[in-house]
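**Q** final-v9.cif is reproduced in full below (mmCIF, C-alpha atoms and all ligand atoms).
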data_input
loop_
_atom_site.group_PDB
_atom_site.id
_atom_site.type_symbol
_atom_site.label_atom_id
_atom_site.label_comp_id
_atom_site.auth_asym_id
_atom_site.auth_seq_id
_atom_site.Cartn_x
_atom_site.Cartn_y
_atom_site.Cartn_z
ATOM 1 C CA MET A 15 77.869 119.863 105.975
ATOM 2 C CA VAL A 16 76.247 116.602 104.879
ATOM 3 C CA LEU A 17 77.686 114.213 102.319
ATOM 4 C CA GLU A 18 76.008 115.218 99.068
ATOM 5 C CA MET A 19 75.803 114.041 95.470
ATOM 6 C CA GLY A 20 78.283 115.638 93.104
ATOM 7 C CA GLY A 21 81.361 116.428 95.245
ATOM 8 C CA LYS A 22 84.585 114.403 95.050
ATOM 9 C CA ILE A 23 85.066 111.893 97.852
ATOM 10 C CA LEU A 24 88.625 110.889 98.764
ATOM 11 C CA VAL A 25 89.052 107.606 100.652
ATOM 12 C CA THR A 26 92.425 107.038 102.350
ATOM 13 C CA GLY A 27 93.407 103.534 103.475
ATOM 14 C CA SER A 28 90.858 102.207 101.016
ATOM 15 C CA SER A 29 92.488 98.776 100.640
ATOM 16 C CA GLY A 30 91.989 97.951 104.324
ATOM 17 C CA GLN A 31 89.257 95.887 105.980
ATOM 18 C CA ILE A 32 86.724 98.733 106.147
ATOM 19 C CA GLY A 33 87.952 100.720 103.149
ATOM 20 C CA SER A 34 87.556 97.911 100.677
ATOM 21 C CA GLU A 35 83.831 97.637 101.532
ATOM 22 C CA LEU A 36 83.004 101.270 102.323
ATOM 23 C CA THR A 37 84.481 102.423 99.001
ATOM 24 C CA GLY A 38 82.024 100.134 97.192
ATOM 25 C CA ALA A 39 79.096 101.543 99.206
ATOM 26 C CA LEU A 40 80.180 105.110 98.429
ATOM 27 C CA ILE A 41 80.401 104.272 94.720
ATOM 28 C CA SER A 42 76.905 102.714 94.752
ATOM 29 C CA ARG A 43 75.470 105.777 96.455
ATOM 30 C CA PHE A 44 77.423 108.637 94.821
ATOM 31 C CA GLY A 45 78.682 107.191 91.525
ATOM 32 C CA SER A 46 82.092 105.900 90.509
ATOM 33 C CA SER A 47 83.226 109.212 88.998
ATOM 34 C CA ASN A 48 82.863 110.895 92.413
ATOM 35 C CA VAL A 49 85.011 108.496 94.463
ATOM 36 C CA ILE A 50 88.830 108.287 94.498
ATOM 37 C CA ALA A 51 90.237 105.250 96.316
ATOM 38 C CA THR A 52 93.763 105.690 97.684
ATOM 39 C CA ASP A 53 96.192 103.757 99.840
ATOM 40 C CA ILE A 54 99.924 103.733 100.399
ATOM 41 C CA GLN A 55 100.075 101.465 97.359
ATOM 42 C CA SER A 56 97.551 102.209 94.654
ATOM 43 C CA PRO A 57 94.465 100.017 95.349
ATOM 44 C CA VAL A 58 93.525 97.293 92.898
ATOM 45 C CA ARG A 59 89.906 97.941 91.852
ATOM 46 C CA ASN A 60 88.255 98.787 88.564
ATOM 47 C CA ASP A 61 85.064 100.506 89.725
ATOM 48 C CA CYS A 62 86.553 103.964 90.463
ATOM 49 C CA ARG A 63 89.729 106.008 90.131
ATOM 50 C CA THR A 64 92.608 104.817 92.279
ATOM 51 C CA ALA A 65 95.882 106.426 93.339
ATOM 52 C CA SER A 66 98.721 105.949 95.745
ATOM 53 C CA LEU A 67 98.640 108.401 98.674
ATOM 54 C CA ASP A 68 100.826 108.217 101.792
ATOM 55 C CA VAL A 69 98.995 110.232 104.453
ATOM 56 C CA THR A 70 102.264 110.920 106.289
ATOM 57 C CA ASP A 71 103.584 112.806 103.229
ATOM 58 C CA ARG A 72 102.267 116.298 104.008
ATOM 59 C CA ASP A 73 103.084 117.831 100.617
ATOM 60 C CA ALA A 74 101.501 114.928 98.760
ATOM 61 C CA VAL A 75 98.317 115.157 100.871
ATOM 62 C CA PHE A 76 98.023 118.925 100.329
ATOM 63 C CA SER A 77 98.557 118.768 96.584
ATOM 64 C CA PHE A 78 96.261 115.743 96.105
ATOM 65 C CA ILE A 79 93.302 117.247 97.956
ATOM 66 C CA LYS A 80 93.700 120.573 96.178
ATOM 67 C CA LYS A 81 94.314 119.200 92.684
ATOM 68 C CA GLU A 82 91.354 116.794 92.877
ATOM 69 C CA LYS A 83 89.002 119.446 94.346
ATOM 70 C CA VAL A 84 87.993 117.020 97.090
ATOM 71 C CA SER A 85 84.820 117.947 99.004
ATOM 72 C CA THR A 86 84.689 114.999 101.447
ATOM 73 C CA VAL A 87 87.494 112.938 102.984
ATOM 74 C CA ILE A 88 86.913 109.458 104.392
ATOM 75 C CA HIS A 89 90.162 109.054 106.302
ATOM 76 C CA LEU A 90 90.630 105.367 107.092
ATOM 77 C CA ALA A 91 94.431 105.017 106.941
ATOM 78 C CA ALA A 92 95.592 103.957 110.423
ATOM 79 C CA ILE A 93 97.715 101.464 112.347
ATOM 80 C CA LEU A 94 95.581 99.268 114.651
ATOM 81 C CA SER A 95 96.116 98.248 118.274
ATOM 82 C CA ALA A 96 98.328 95.140 118.172
ATOM 83 C CA ARG A 97 100.609 96.398 115.411
ATOM 84 C CA GLY A 98 100.737 99.783 117.145
ATOM 85 C CA GLU A 99 102.226 98.150 120.260
ATOM 86 C CA LYS A 100 104.917 96.536 118.107
ATOM 87 C CA GLU A 101 105.611 99.701 116.106
ATOM 88 C CA PRO A 102 104.574 102.667 118.291
ATOM 89 C CA ALA A 103 106.539 105.264 116.310
ATOM 90 C CA LEU A 104 104.864 104.153 113.086
ATOM 91 C CA ALA A 105 101.439 104.227 114.793
ATOM 92 C CA PHE A 106 102.063 107.773 116.013
ATOM 93 C CA ASN A 107 103.250 108.933 112.609
ATOM 94 C CA VAL A 108 100.386 107.415 110.596
ATOM 95 C CA ASN A 109 97.586 108.015 113.109
ATOM 96 C CA VAL A 110 98.522 111.473 114.429
ATOM 97 C CA ASN A 111 100.659 113.116 111.746
ATOM 98 C CA GLY A 112 98.508 111.521 109.037
ATOM 99 C CA MET A 113 95.340 112.925 110.651
ATOM 100 C CA ARG A 114 96.916 116.344 111.099
ATOM 101 C CA ASN A 115 97.987 116.438 107.444
ATOM 102 C CA ILE A 116 94.466 115.488 106.348
ATOM 103 C CA LEU A 117 92.908 118.101 108.664
ATOM 104 C CA ASP A 118 95.212 120.938 107.564
ATOM 105 C CA ALA A 119 94.954 120.078 103.868
ATOM 106 C CA SER A 120 91.152 119.874 104.202
ATOM 107 C CA VAL A 121 90.983 123.319 105.798
ATOM 108 C CA SER A 122 93.276 124.823 103.184
ATOM 109 C CA ALA A 123 91.299 123.321 100.262
ATOM 110 C CA ASP A 124 87.809 124.064 101.691
ATOM 111 C CA VAL A 125 86.820 120.426 102.189
ATOM 112 C CA GLY A 126 83.381 120.370 103.820
ATOM 113 C CA LEU A 127 83.225 116.992 105.573
ATOM 114 C CA LEU A 128 85.824 114.653 107.078
ATOM 115 C CA PHE A 129 85.059 111.230 108.539
ATOM 116 C CA PHE A 130 87.530 109.048 110.461
ATOM 117 C CA PRO A 131 86.981 105.934 112.572
ATOM 118 C CA SER A 132 87.810 106.145 116.267
ATOM 119 C CA THR A 133 87.801 103.006 118.408
ATOM 120 C CA ILE A 134 86.946 101.314 121.694
ATOM 121 C CA GLY A 135 90.736 101.541 122.138
ATOM 122 C CA VAL A 136 90.275 105.091 123.497
ATOM 123 C CA PHE A 137 89.034 103.530 126.743
ATOM 124 C CA GLY A 138 91.425 102.224 129.375
ATOM 125 C CA ALA A 139 91.715 100.217 132.557
ATOM 126 C CA GLY A 140 89.981 102.981 134.552
ATOM 127 C CA THR A 141 86.896 103.042 132.291
ATOM 128 C CA PRO A 142 83.762 101.264 133.548
ATOM 129 C CA ARG A 143 83.465 97.811 131.949
ATOM 130 C CA GLU A 144 79.775 97.664 131.042
ATOM 131 C CA ASN A 145 77.448 99.996 129.137
ATOM 132 C CA VAL A 146 80.147 102.652 128.905
ATOM 133 C CA PRO A 147 78.752 106.126 128.223
ATOM 134 C CA VAL A 148 80.235 108.448 125.577
ATOM 135 C CA GLU A 149 81.577 110.805 128.231
ATOM 136 C CA THR A 150 83.636 108.720 130.647
ATOM 137 C CA ILE A 151 87.221 108.087 131.750
ATOM 138 C CA THR A 152 89.348 107.864 128.604
ATOM 139 C CA ARG A 153 92.928 107.066 129.615
ATOM 140 C CA PRO A 154 94.092 104.501 127.076
ATOM 141 C CA SER A 155 97.205 102.422 127.685
ATOM 142 C CA THR A 156 98.038 101.625 124.037
ATOM 143 C CA MET A 157 99.661 103.857 121.421
ATOM 144 C CA TYR A 158 96.653 103.130 119.184
ATOM 145 C CA GLY A 159 94.214 104.339 121.861
ATOM 146 C CA ILE A 160 96.300 107.422 122.654
ATOM 147 C CA THR A 161 96.532 108.410 118.980
ATOM 148 C CA LYS A 162 92.832 107.843 118.283
ATOM 149 C CA LEU A 163 91.797 109.822 121.371
ATOM 150 C CA LEU A 164 93.945 112.672 120.088
ATOM 151 C CA CYS A 165 92.259 112.331 116.660
ATOM 152 C CA GLU A 166 88.852 112.676 118.370
ATOM 153 C CA GLN A 167 90.030 115.826 120.123
ATOM 154 C CA LEU A 168 91.718 117.266 117.031
ATOM 155 C CA GLY A 169 88.490 116.652 115.116
ATOM 156 C CA GLU A 170 86.498 118.627 117.706
ATOM 157 C CA TYR A 171 89.097 121.394 117.669
ATOM 158 C CA TYR A 172 89.160 121.788 113.873
ATOM 159 C CA SER A 173 85.344 121.665 113.719
ATOM 160 C CA ALA A 174 85.100 124.471 116.259
ATOM 161 C CA LYS A 175 87.905 126.592 114.854
ATOM 162 C CA TYR A 176 87.440 126.135 111.088
ATOM 163 C CA GLU A 177 84.455 125.429 108.840
ATOM 164 C CA LEU A 178 85.273 121.730 108.663
ATOM 165 C CA ASP A 179 82.617 119.241 109.717
ATOM 166 C CA VAL A 180 84.634 116.399 111.312
ATOM 167 C CA ARG A 181 82.742 113.249 112.326
ATOM 168 C CA GLY A 182 83.857 110.003 113.911
ATOM 169 C CA MET A 183 82.566 106.964 115.763
ATOM 170 C CA ARG A 184 84.269 104.572 118.171
ATOM 171 C CA LEU A 185 84.172 101.315 116.265
ATOM 172 C CA PRO A 186 84.219 98.009 118.156
ATOM 173 C CA GLY A 187 85.793 94.891 116.614
ATOM 174 C CA ILE A 188 84.450 94.596 113.062
ATOM 175 C CA VAL A 189 83.859 91.110 111.657
ATOM 176 C CA SER A 190 83.965 90.657 107.879
ATOM 177 C CA TYR A 191 84.963 88.170 105.181
ATOM 178 C CA ARG A 192 86.219 90.263 102.235
ATOM 179 C CA ALA A 193 89.533 91.986 103.024
ATOM 180 C CA PRO A 194 91.457 90.566 105.997
ATOM 181 C CA PRO A 195 91.910 92.839 109.020
ATOM 182 C CA GLY A 196 95.469 93.842 109.821
ATOM 183 C CA GLY A 197 97.058 94.130 113.231
ATOM 184 C CA GLY A 198 94.012 94.407 115.516
ATOM 185 C CA THR A 199 93.232 92.733 118.852
ATOM 186 C CA THR A 200 89.717 91.723 117.753
ATOM 187 C CA ASP A 201 91.089 90.002 114.606
ATOM 188 C CA TYR A 202 90.911 86.647 116.437
ATOM 189 C CA SER A 203 87.165 86.504 115.662
ATOM 190 C CA ILE A 204 87.737 86.528 111.900
ATOM 191 C CA GLU A 205 90.643 84.093 112.160
ATOM 192 C CA MET A 206 88.433 81.719 114.188
ATOM 193 C CA LEU A 207 85.563 81.870 111.692
ATOM 194 C CA ARG A 208 87.963 81.383 108.774
ATOM 195 C CA ALA A 209 89.554 78.329 110.437
ATOM 196 C CA ALA A 210 86.125 76.800 111.076
ATOM 197 C CA ALA A 211 85.029 77.408 107.492
ATOM 198 C CA GLU A 212 88.169 75.719 106.196
ATOM 199 C CA GLY A 213 87.778 72.697 108.500
ATOM 200 C CA ARG A 214 90.775 73.550 110.708
ATOM 201 C CA GLY A 215 91.060 73.979 114.481
ATOM 202 C CA TYR A 216 92.092 77.353 115.899
ATOM 203 C CA SER A 217 94.556 78.523 118.546
ATOM 204 C CA CYS A 218 93.119 81.730 120.040
ATOM 205 C CA PHE A 219 95.407 84.531 121.273
ATOM 206 C CA LEU A 220 92.779 85.899 123.711
ATOM 207 C CA LYS A 221 91.365 84.208 126.837
ATOM 208 C CA GLU A 222 88.175 82.236 126.336
ATOM 209 C CA ASP A 223 86.083 84.550 128.562
ATOM 210 C CA CYS A 224 87.354 87.881 127.191
ATOM 211 C CA ARG A 225 84.120 89.623 126.107
ATOM 212 C CA LEU A 226 84.456 92.605 123.776
ATOM 213 C CA PRO A 227 82.003 94.808 121.849
ATOM 214 C CA MET A 228 81.686 93.770 118.192
ATOM 215 C CA MET A 229 79.684 94.450 115.023
ATOM 216 C CA TYR A 230 79.246 92.828 111.602
ATOM 217 C CA MET A 231 80.601 94.720 108.599
ATOM 218 C CA PRO A 232 77.225 95.390 106.874
ATOM 219 C CA ASP A 233 76.102 97.231 110.033
ATOM 220 C CA ALA A 234 79.399 99.154 110.183
ATOM 221 C CA ILE A 235 78.999 100.300 106.561
ATOM 222 C CA ASP A 236 75.342 101.195 107.072
ATOM 223 C CA SER A 237 76.242 103.154 110.236
ATOM 224 C CA ILE A 238 79.009 105.139 108.559
ATOM 225 C CA MET A 239 76.730 106.008 105.627
ATOM 226 C CA LYS A 240 73.961 107.088 108.025
ATOM 227 C CA MET A 241 76.337 109.216 110.027
ATOM 228 C CA LEU A 242 77.746 110.892 106.916
ATOM 229 C CA GLU A 243 74.254 111.819 105.749
ATOM 230 C CA ALA A 244 72.929 113.045 109.115
ATOM 231 C CA PRO A 245 72.090 116.760 109.246
ATOM 232 C CA GLU A 246 74.832 118.568 111.179
ATOM 233 C CA ASP A 247 72.354 120.416 113.386
ATOM 234 C CA ARG A 248 71.143 117.079 114.826
ATOM 235 C CA LEU A 249 74.619 116.219 116.139
ATOM 236 C CA LYS A 250 75.409 117.109 119.740
ATOM 237 C CA HIS A 251 78.509 114.924 119.617
ATOM 238 C CA ARG A 252 80.921 114.807 116.675
ATOM 239 C CA THR A 253 83.861 112.476 116.859
ATOM 240 C CA CYS A 254 83.199 110.178 119.809
ATOM 241 C CA PHE A 255 79.945 108.261 119.174
ATOM 242 C CA ASN A 256 79.911 104.789 120.775
ATOM 243 C CA VAL A 257 78.686 102.024 118.454
ATOM 244 C CA MET A 258 78.426 98.229 118.849
ATOM 245 C CA ALA A 259 75.904 95.528 117.955
ATOM 246 C CA PHE A 260 76.649 92.780 120.510
ATOM 247 C CA SER A 261 79.393 91.507 122.814
ATOM 248 C CA PHE A 262 80.871 88.035 122.772
ATOM 249 C CA SER A 263 83.873 86.174 124.147
ATOM 250 C CA PRO A 264 86.031 83.765 122.132
ATOM 251 C CA SER A 265 84.302 80.764 123.772
ATOM 252 C CA GLU A 266 80.847 82.194 123.007
ATOM 253 C CA LEU A 267 81.889 82.579 119.369
ATOM 254 C CA GLU A 268 83.265 79.031 119.421
ATOM 255 C CA GLN A 269 79.885 77.740 120.699
ATOM 256 C CA GLU A 270 78.011 79.649 117.986
ATOM 257 C CA ILE A 271 80.285 78.155 115.336
ATOM 258 C CA ARG A 272 79.765 74.637 116.767
ATOM 259 C CA ARG A 273 76.043 74.999 116.131
ATOM 260 C CA LEU A 274 76.931 74.660 112.427
ATOM 261 C CA ARG A 275 80.310 72.870 112.677
ATOM 262 C CA PRO A 276 80.013 70.467 115.652
ATOM 263 C CA GLU A 277 83.558 69.127 115.076
ATOM 264 C CA PHE A 278 85.202 72.589 115.442
ATOM 265 C CA ARG A 279 87.697 72.969 118.331
ATOM 266 C CA VAL A 280 89.624 75.948 119.760
ATOM 267 C CA THR A 281 92.626 75.989 122.095
ATOM 268 C CA TYR A 282 93.409 79.090 124.155
ATOM 269 C CA THR A 283 96.961 80.438 124.378
ATOM 270 C CA PRO A 284 96.644 84.138 125.268
ATOM 271 C CA ASP A 285 99.578 86.320 124.205
ATOM 272 C CA GLU A 286 100.460 90.005 124.665
ATOM 273 C CA ARG A 287 97.259 91.036 122.851
ATOM 274 C CA GLN A 288 95.317 89.905 125.923
ATOM 275 C CA LEU A 289 96.896 92.813 127.830
ATOM 276 C CA ILE A 290 95.351 95.213 125.316
ATOM 277 C CA ALA A 291 91.931 93.546 125.490
ATOM 278 C CA ASP A 292 92.051 93.617 129.318
ATOM 279 C CA THR A 293 91.835 97.418 129.196
ATOM 280 C CA TRP A 294 88.816 97.562 126.861
ATOM 281 C CA PRO A 295 85.178 97.562 127.972
ATOM 282 C CA ARG A 296 82.736 94.710 127.438
ATOM 283 C CA SER A 297 79.792 96.818 126.262
ATOM 284 C CA LEU A 298 78.956 100.403 125.318
ATOM 285 C CA ASP A 299 75.998 102.728 125.656
ATOM 286 C CA THR A 300 75.101 103.537 122.028
ATOM 287 C CA SER A 301 72.099 105.779 122.757
ATOM 288 C CA ALA A 302 73.755 109.018 121.550
ATOM 289 C CA ALA A 303 74.396 107.468 118.108
ATOM 290 C CA ALA A 304 70.810 106.156 117.993
ATOM 291 C CA GLU A 305 69.296 109.505 118.959
ATOM 292 C CA GLU A 306 71.504 111.811 116.906
ATOM 293 C CA TRP A 307 71.833 109.921 113.610
ATOM 294 C CA GLY A 308 69.703 106.780 113.818
ATOM 295 C CA PHE A 309 72.267 104.067 114.663
ATOM 296 C CA ALA A 310 70.356 100.761 114.509
ATOM 297 C CA PRO A 311 72.445 97.642 113.788
ATOM 298 C CA SER A 312 70.469 94.676 112.520
ATOM 299 C CA TYR A 313 72.738 91.606 112.753
ATOM 300 C CA THR A 314 72.750 89.400 115.851
ATOM 301 C CA LEU A 315 75.733 87.193 116.717
ATOM 302 C CA THR A 316 73.866 84.149 115.359
ATOM 303 C CA ALA A 317 72.945 85.846 112.073
ATOM 304 C CA MET A 318 76.524 87.069 111.663
ATOM 305 C CA VAL A 319 78.037 83.610 112.209
ATOM 306 C CA ASP A 320 75.566 82.067 109.723
ATOM 307 C CA ASP A 321 76.454 84.658 107.087
ATOM 308 C CA MET A 322 80.214 84.557 107.694
ATOM 309 C CA LEU A 323 80.396 80.760 107.409
ATOM 310 C CA LYS A 324 78.250 80.828 104.282
ATOM 311 C CA HIS A 325 80.690 83.225 102.600
ATOM 312 C CA LEU A 326 83.940 81.800 103.961
ATOM 313 C CA THR A 327 83.355 78.100 103.349
ATOM 314 C CA PRO A 328 85.316 76.999 100.266
ATOM 315 C CA VAL A 329 83.024 75.725 97.498
ATOM 316 C CA SER A 330 84.654 72.271 97.756
ATOM 317 C CA ARG A 331 83.543 71.949 101.435
ATOM 318 C CA ARG A 332 79.934 73.139 100.988
ATOM 319 C CA GLN A 333 77.306 70.395 101.357
HETATM 320 C C1 LIG B 401 91.644 96.589 116.965
HETATM 321 O O1 LIG B 401 91.438 95.475 117.461
HETATM 322 O O2 LIG B 401 92.705 97.220 117.086
HETATM 323 C C2 LIG B 401 90.508 97.236 116.207
HETATM 324 C C3 LIG B 401 89.683 98.109 117.101
HETATM 325 C C4 LIG B 401 88.788 97.512 118.094
HETATM 326 O O3 LIG B 401 89.756 99.294 116.997
HETATM 327 N N1 LIG B 401 89.692 96.244 115.595
#
Could you spell out this file's structure in structure tokens?
**A**
Amino acid sequence: MVLEMGGKILVTGSSGQIGSELTGALISRFGSSNVIATDIQSPVRNDCRTASLDVTDRDAVFSFIKKEKVSTVIHLAAILSARGEKEPALAFNVNVNGMRNILDASVSADVGLLFFPSTIGVFGAGTPRENVPVETITRPSTMYGITKLLCEQLGEYYSAKYELDVRGMRLPGIVSYRAPPGGGTTDYSIEMLRAAAEGRGYSCFLKEDCRLPMMYMPDAIDSIMKMLEAPEDRLKHRTCFNVMAFSFSPSELEQEIRRLRPEFRVTYTPDERQLIADTWPRSLDTSAAAEEWGFAPSYTLTAMVDDMLKHLTPVSRRQ
């Protein structure tokens, strides 16, 4: 099933980094009366209906999806990598039990399409480092990676067993300026750009040469919309598409920022998040996403840094 005009679209985790922007894109494309934005606390927005929905509350998920006659679920509620290592039981509950509740409720209420983001966290120390193919060694060492790999597999299972079209892509670090990210390993990039825009120095929690796959938010939103609207018969994969726009290390980002802010300085004091990043690849093979649903990111690292600093710089500091 493809995302179509007219059906009700439920977004979980809609106050998060991706949700706060994807919800707006869904409203622009499908109309505000067709989108319901939810989060554990009711989201603050006035362009569509909002509600509080805890995805770990199975009864609440079942009754919400049924009562609202939801036809598509965009399931974004999740605990990310760094927070997941601090609170593994919470990560398991939200990421696995939350996904299972959404899957079962979707099957029982005849939802047609379910999207969830997977992650580069599904890879592990045994995965090749460069140009990683979709099918490769996936033995993650973090609770986040383990739970998201299970979500990929549950998505495949429910798609095969029930008439539920489950789709997902392995997102890299996403850089954006609207809602702050929460609890990820790639969050350093946004913190660094924010510090530079505000005229502060930055102490980075990853090593200066730790290259990771990344993408700018407009390309992430465009990719998710493209994937949702791709005809199902063109998809050979379902829940495990690799996507990324470029790779950079903290020191490469620092150099890019210095192009515009020559006075900007970073110190490097890696913490336990470096251990997570050490198990992730540096680059991915995105050809399956390009072939099957037209993945084509447009922002380069330079264009992203220009745009981020333009938006993040306080009006009082702009020249
Ligand atoms: C994280 O750092 O946990 C996320 C991710 C790469 O999935 N941004």
**Q** Write as a PyMOL selection string the residues around ligand LIG 401 (chain B), taking 8 Å as the cut-off and counting only C-alpha atoms and all ligand atoms.
**A** chain A and resi 94-96+132-135+158+184-188+195+197-201
**Q** For Ile235 of chain A, which residue out of A:Leu168, A:Val329, A:Leu298, A:Val189 is the nearest one, using all atoms listed in the file?
**A**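 Ranking A:Leu168, A:Val329, A:Leu298, A:Val189 by distance to Ile235 of chain A, first place goes to A:Val189.
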**Q** Could you state which residues are captured by the PyMOL selection byres (((chain A and resi 203) around 12) and not hetatm) in this file, as a PDB file with C-alpha atoms, in the coordinates of the input?
**A**
ATOM      1  CA  GLY A 187      85.793  94.891 116.614  1.00  0.00           C
ATOM      2  CA  ILE A 188      84.450  94.596 113.062  1.00  0.00           C
ATOM      3  CA  VAL A 189      83.859  91.110 111.657  1.00  0.00           C
ATOM      4  CA  SER A 190      83.965  90.657 107.879  1.00  0.00           C
ATOM      5  CA  TYR A 191      84.963  88.170 105.181  1.00  0.00           C
ATOM      6  CA  PRO A 194      91.457  90.566 105.997  1.00  0.00           C
ATOM      7  CA  PRO A 195      91.910  92.839 109.020  1.00  0.00           C
ATOM      8  CA  GLY A 198      94.012  94.407 115.516  1.00  0.00           C
ATOM      9  CA  THR A 199      93.232  92.733 118.852  1.00  0.00           C
ATOM     10  CA  THR A 200      89.717  91.723 117.753  1.00  0.00           C
ATOM     11  CA  ASP A 201      91.089  90.002 114.606  1.00  0.00           C
ATOM     12  CA  TYR A 202      90.911  86.647 116.437  1.00  0.00           C
ATOM     13  CA  ILE A 204      87.737  86.528 111.900  1.00  0.00           C
ATOM     14  CA  GLU A 205      90.643  84.093 112.160  1.00  0.00           C
ATOM     15  CA  MET A 206      88.433  81.719 114.188  1.00  0.00           C
ATOM     16  CA  LEU A 207      85.563  81.870 111.692  1.00  0.00           C
ATOM     17  CA  ARG A 208      87.963  81.383 108.774  1.00  0.00           C
ATOM     18  CA  ALA A 209      89.554  78.329 110.437  1.00  0.00           C
ATOM     19  CA  ALA A 210      86.125  76.800 111.076  1.00  0.00           C
ATOM     20  CA  TYR A 216      92.092  77.353 115.899  1.00  0.00           C
ATOM     21  CA  SER A 217      94.556  78.523 118.546  1.00  0.00           C
ATOM     22  CA  CYS A 218      93.119  81.730 120.040  1.00  0.00           C
ATOM     23  CA  PHE A 219      95.407  84.531 121.273  1.00  0.00           C
ATOM     24  CA  LEU A 220      92.779  85.899 123.711  1.00  0.00           C
ATOM     25  CA  GLU A 222      88.175  82.236 126.336  1.00  0.00           C
ATOM     26  CA  CYS A 224      87.354  87.881 127.191  1.00  0.00           C
ATOM     27  CA  ARG A 225      84.120  89.623 126.107  1.00  0.00           C
ATOM     28  CA  LEU A 226      84.456  92.605 123.776  1.00  0.00           C
ATOM     29  CA  PRO A 227      82.003  94.808 121.849  1.00  0.00           C
ATOM     30  CA  MET A 228      81.686  93.770 118.192  1.00  0.00           C
ATOM     31  CA  MET A 229      79.684  94.450 115.023  1.00  0.00           C
ATOM     32  CA  TYR A 230      79.246  92.828 111.602  1.00  0.00           C
ATOM     33  CA  SER A 261      79.393  91.507 122.814  1.00  0.00           C
ATOM     34  CA  PHE A 262      80.871  88.035 122.772  1.00  0.00           C
ATOM     35  CA  SER A 263      83.873  86.174 124.147  1.00  0.00           C
ATOM     36  CA  PRO A 264      86.031  83.765 122.132  1.00  0.00           C
ATOM     37  CA  SER A 265      84.302  80.764 123.772  1.00  0.00           C
ATOM     38  CA  GLU A 266      80.847  82.194 123.007  1.00  0.00           C
ATOM     39  CA  LEU A 267      81.889  82.579 119.369  1.00  0.00           C
ATOM     40  CA  GLU A 268      83.265  79.031 119.421  1.00  0.00           C
ATOM     41  CA  GLU A 270      78.011  79.649 117.986  1.00  0.00           C
ATOM     42  CA  ILE A 271      80.285  78.155 115.336  1.00  0.00           C
ATOM     43  CA  VAL A 280      89.624  75.948 119.760  1.00  0.00           C
ATOM     44  CA  LEU A 315      75.733  87.193 116.717  1.00  0.00           C
ATOM     45  CA  MET A 318      76.524  87.069 111.663  1.00  0.00           C
ATOM     46  CA  VAL A 319      78.037  83.610 112.209  1.00  0.00           C
ATOM     47  CA  MET A 322      80.214  84.557 107.694  1.00  0.00           C
TER      48      MET A 322
END
**Q** Hey, which of A:Thr86, A:Ser28, A:Thr327, A:Gln269 ends up closest to Phe44 of chain A? Count only C-alpha atoms.
**A**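 Counting only C-alpha atoms, the residue closest to Phe44 of chain A is A:Thr86.
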**Q** Between atom CA of Ala91 of chain A and atom CA of Ser29 of chain A, what is the distance in Å, rounded to a tenth?
**A**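 Going from atom CA of Ala91 of chain A over to atom CA of Ser29 of chain A covers 9.1 Å.
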